[in-house]
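The structure under discussion appears below in the form of structure tokens.
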Amino acid sequence: MPSTIYDVTTWTIPGSPGTTAYTDIGAVVNSIIADIKANQPNQASKPGAVVYIPPGDYSLKTRIVIDVSYLQIKGSGHGFTSSSIRYNSGDTSGWWEIWPGGSRIKVENTDGKSEAILIDRGGSPRLSSIELVDFCLDGLSFTPNQNSYRNGKIGVRSTSDTDSLRITGLGLVYLERGVVLTGVDALQLNGNFIAECGSCVELVGSGQATMVNDNHFGAGPAGFSLFAEGHFGLLVSGNNVFPRGKSSVHLKNCNDSTVSANRLHSFSSGMVTLEGDCRNNLVGANHFLRNRESFGPFQGVPLTTDDLFGLVHINGSGNTVTGNHFTYDVPSASITPSGAVPTLVLVKSGSGNYLAMNHHVANVGVRSAVLDGSTTNTKVLDSGTAAEFQALGAATYGFRATP
């Protein structure tokens, strides 16, 4: 069998010797994938292959389309560095470096496609064991406004179901949408640095048994750091989520999932939002820090939620919020609506939700827990004083104040 390890810098496209990884790495990788399929046609023997990207700068003009299983595309360094700091700093002539590095793919997309990498194949079985490891996808700019987080570019997108997809060690910067995945099963997304993107990670459609662990995330003011819908058994843990995104972890119609041991920092409410009919989820042992925008270029950007929305916003039944630490540090003049008492946890809908042993530190008076009038049978234990608890309308509940 021919070699199953390909180096993009030494591959020559048949019939197009002038196209190299440096001029169009997308065309080169697509040619390699075609070679893999040509050399592994046997239904019973398809071991897959490794595509290696050495450190360097590579232009991507043609979208990469992955339609084979057991493929690893691997670089030697995610190369992330802040583009926002560079664009907002003025003169950078004295800097040691100004662009992302490592195995850096410059997402130019002159083919008219929005994605740098598209994962898609119809039929059965679904694509399995695709690995994207240790390289950088750099969207280059948000022209003409470098603080808009808008350029139409997507880093990695799947449009068909996958099993055991692994995305680890990537650096994604200045993309409107970093990772958008449809129908994932047993996804492992860990150890990535995905920041200064409009939205960082979107898990859409449905999914199960997915792990999102040990990442650095940071979305734009109107985007999600992590969004997941229709998921069962999602595990979100050990992530460091930077401020500015409109939510840190946003779950829509998700069941039996866990959000734990994350450090979440935000300039707005809705840091963890459970939207729709979310059931039997655990939000535990997370550190929440809410303060105000400190970076000049973004201080005038309006927030998408006000301080009555809750740092944790719950819709659905049987959810548990326990053992979390909340730090609220916002000048009273910056609270919205003006004069409001900020809410830490809002139970907006549902029955049988459970809040216990949550602790907070705040520079102003807060409501540690607020129950909407439509909620029933909520238990709130040791999560604030009687004065910090509020039950609206016909809400039914059990309450034990923090001593």
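In the structure tokens, the first chain shown is A, the next is B, and so on; residue numbers restart at 1 for each chain, and ligands run from 1 in the order shown.
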
Subject >> In range 159-383 of chain A, DSSP helix (DSSP H, G or I) residues written as a PyMOL selection string >> reply: chain A and resi 296-298+332-334

Next, dump the selected residues to file, keeping only C-alpha atoms, as a PDB file, in the first residue's frame.
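Here's the written file result-v5.pdb:
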```pdb
ATOM      1  CA  GLY A 296     -12.156  51.153  25.137  1.00  0.00           C
ATOM      2  CA  PRO A 297     -13.243  50.103  21.622  1.00  0.00           C
ATOM      3  CA  PHE A 298     -16.073  47.959  23.044  1.00  0.00           C
ATOM      4  CA  SER A 332     -24.096  50.768  40.412  1.00  0.00           C
ATOM      5  CA  ALA A 333     -24.286  53.413  37.679  1.00  0.00           C
ATOM      6  CA  SER A 334     -23.646  50.712  35.054  1.00  0.00           C
TER       7      SER A 334
END
```

Original post:
Could you name the residues that touch Asn255 in chain A at 10 Å or less, counting only C-alpha atoms, but leaving out those on the same chain fewer than 6 positions away, as an MDAnalysis selection string?
Top reply: chainID A and resid 208 229:234 277:282 316:319

**OP:** Identify, on the basis of only C-alpha atoms, every residue whose closest approach to His216 in chain A does not exceed 8 Å; exclude the query and any residue fewer than 5 positions from it along the same chain; express the result as a list in words.
**Re:**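 Those residues are Gly191, Asn192, Phe193, Ile194, Ala195, Asn239, Asn240, Val241 and Phe242 of chain A.
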
Shell of 8 Å around Ala362 in chain A, only C-alpha atoms, local chain residues under 3 positions omitted, as a PDB file with C-alpha atoms, in the first residue's frame:
```pdb
ATOM      1  CA  THR A 327     -18.507  37.366  41.929  1.00  0.00           C
ATOM      2  CA  TYR A 328     -20.553  40.396  40.878  1.00  0.00           C
ATOM      3  CA  ASP A 329     -18.504  43.588  40.530  1.00  0.00           C
ATOM      4  CA  GLY A 365     -27.016  44.347  46.775  1.00  0.00           C
ATOM      5  CA  VAL A 366     -28.143  41.390  44.649  1.00  0.00           C
TER       6      VAL A 366
END
```

**OP:** Name the residues in contact with Lys106 in chain A at a cut-off of 10 Å, using only C-alpha atoms, excluding same-chain residues fewer than 2 positions from it; report them as number ranges by chain.
**Re:** A: 22, 24-25, 57-61, 100, 103-104, 108-109, 116, 136-140

**OP:** May I ask which of the residues A:Ile154, A:Ala44, A:Val107, A:Leu344 is the closest one to Val370 in chain A, counting only C-alpha atoms?
**Re:** A:Leu344

**OP:** Tell me, in Å to one decimal, how far CA of Val236 in chain A is from CA of Asn262 in chain A.
**Re:** 7.8 Å

Original post:
Which polymer residues have any atom within 9 Å of an atom of Gly77 in chain A, counting only C-alpha atoms, with same-chain residues fewer than 4 positions away left out, as a PyMOL selection string?
Top reply: chain A and resi 54-55+101-104+133-136+169-171

Atoms kept (C-alpha atoms) for selection, written as a compact mmCIF listing (two decimals), in the first residue's frame:
```
# COMPACT_ATOMS: atom_id res chain seq x y z
CA PRO A 54 4.70 21.81 9.14
CA PRO A 55 5.05 25.21 10.81
CA GLY A 101 2.22 31.55 13.85
CA GLY A 102 2.74 27.80 14.17
CA SER A 103 1.11 25.78 11.40
CA ARG A 104 -0.92 28.76 10.22
CA VAL A 133 -4.99 18.65 15.54
CA ASP A 134 -2.48 21.42 16.34
CA PHE A 135 -2.83 24.05 13.63
CA CYS A 136 -4.13 27.60 13.26
CA GLY A 169 -5.02 21.94 19.90
CA LEU A 170 -6.42 24.29 17.26
CA GLY A 171 -5.97 28.06 17.33
```
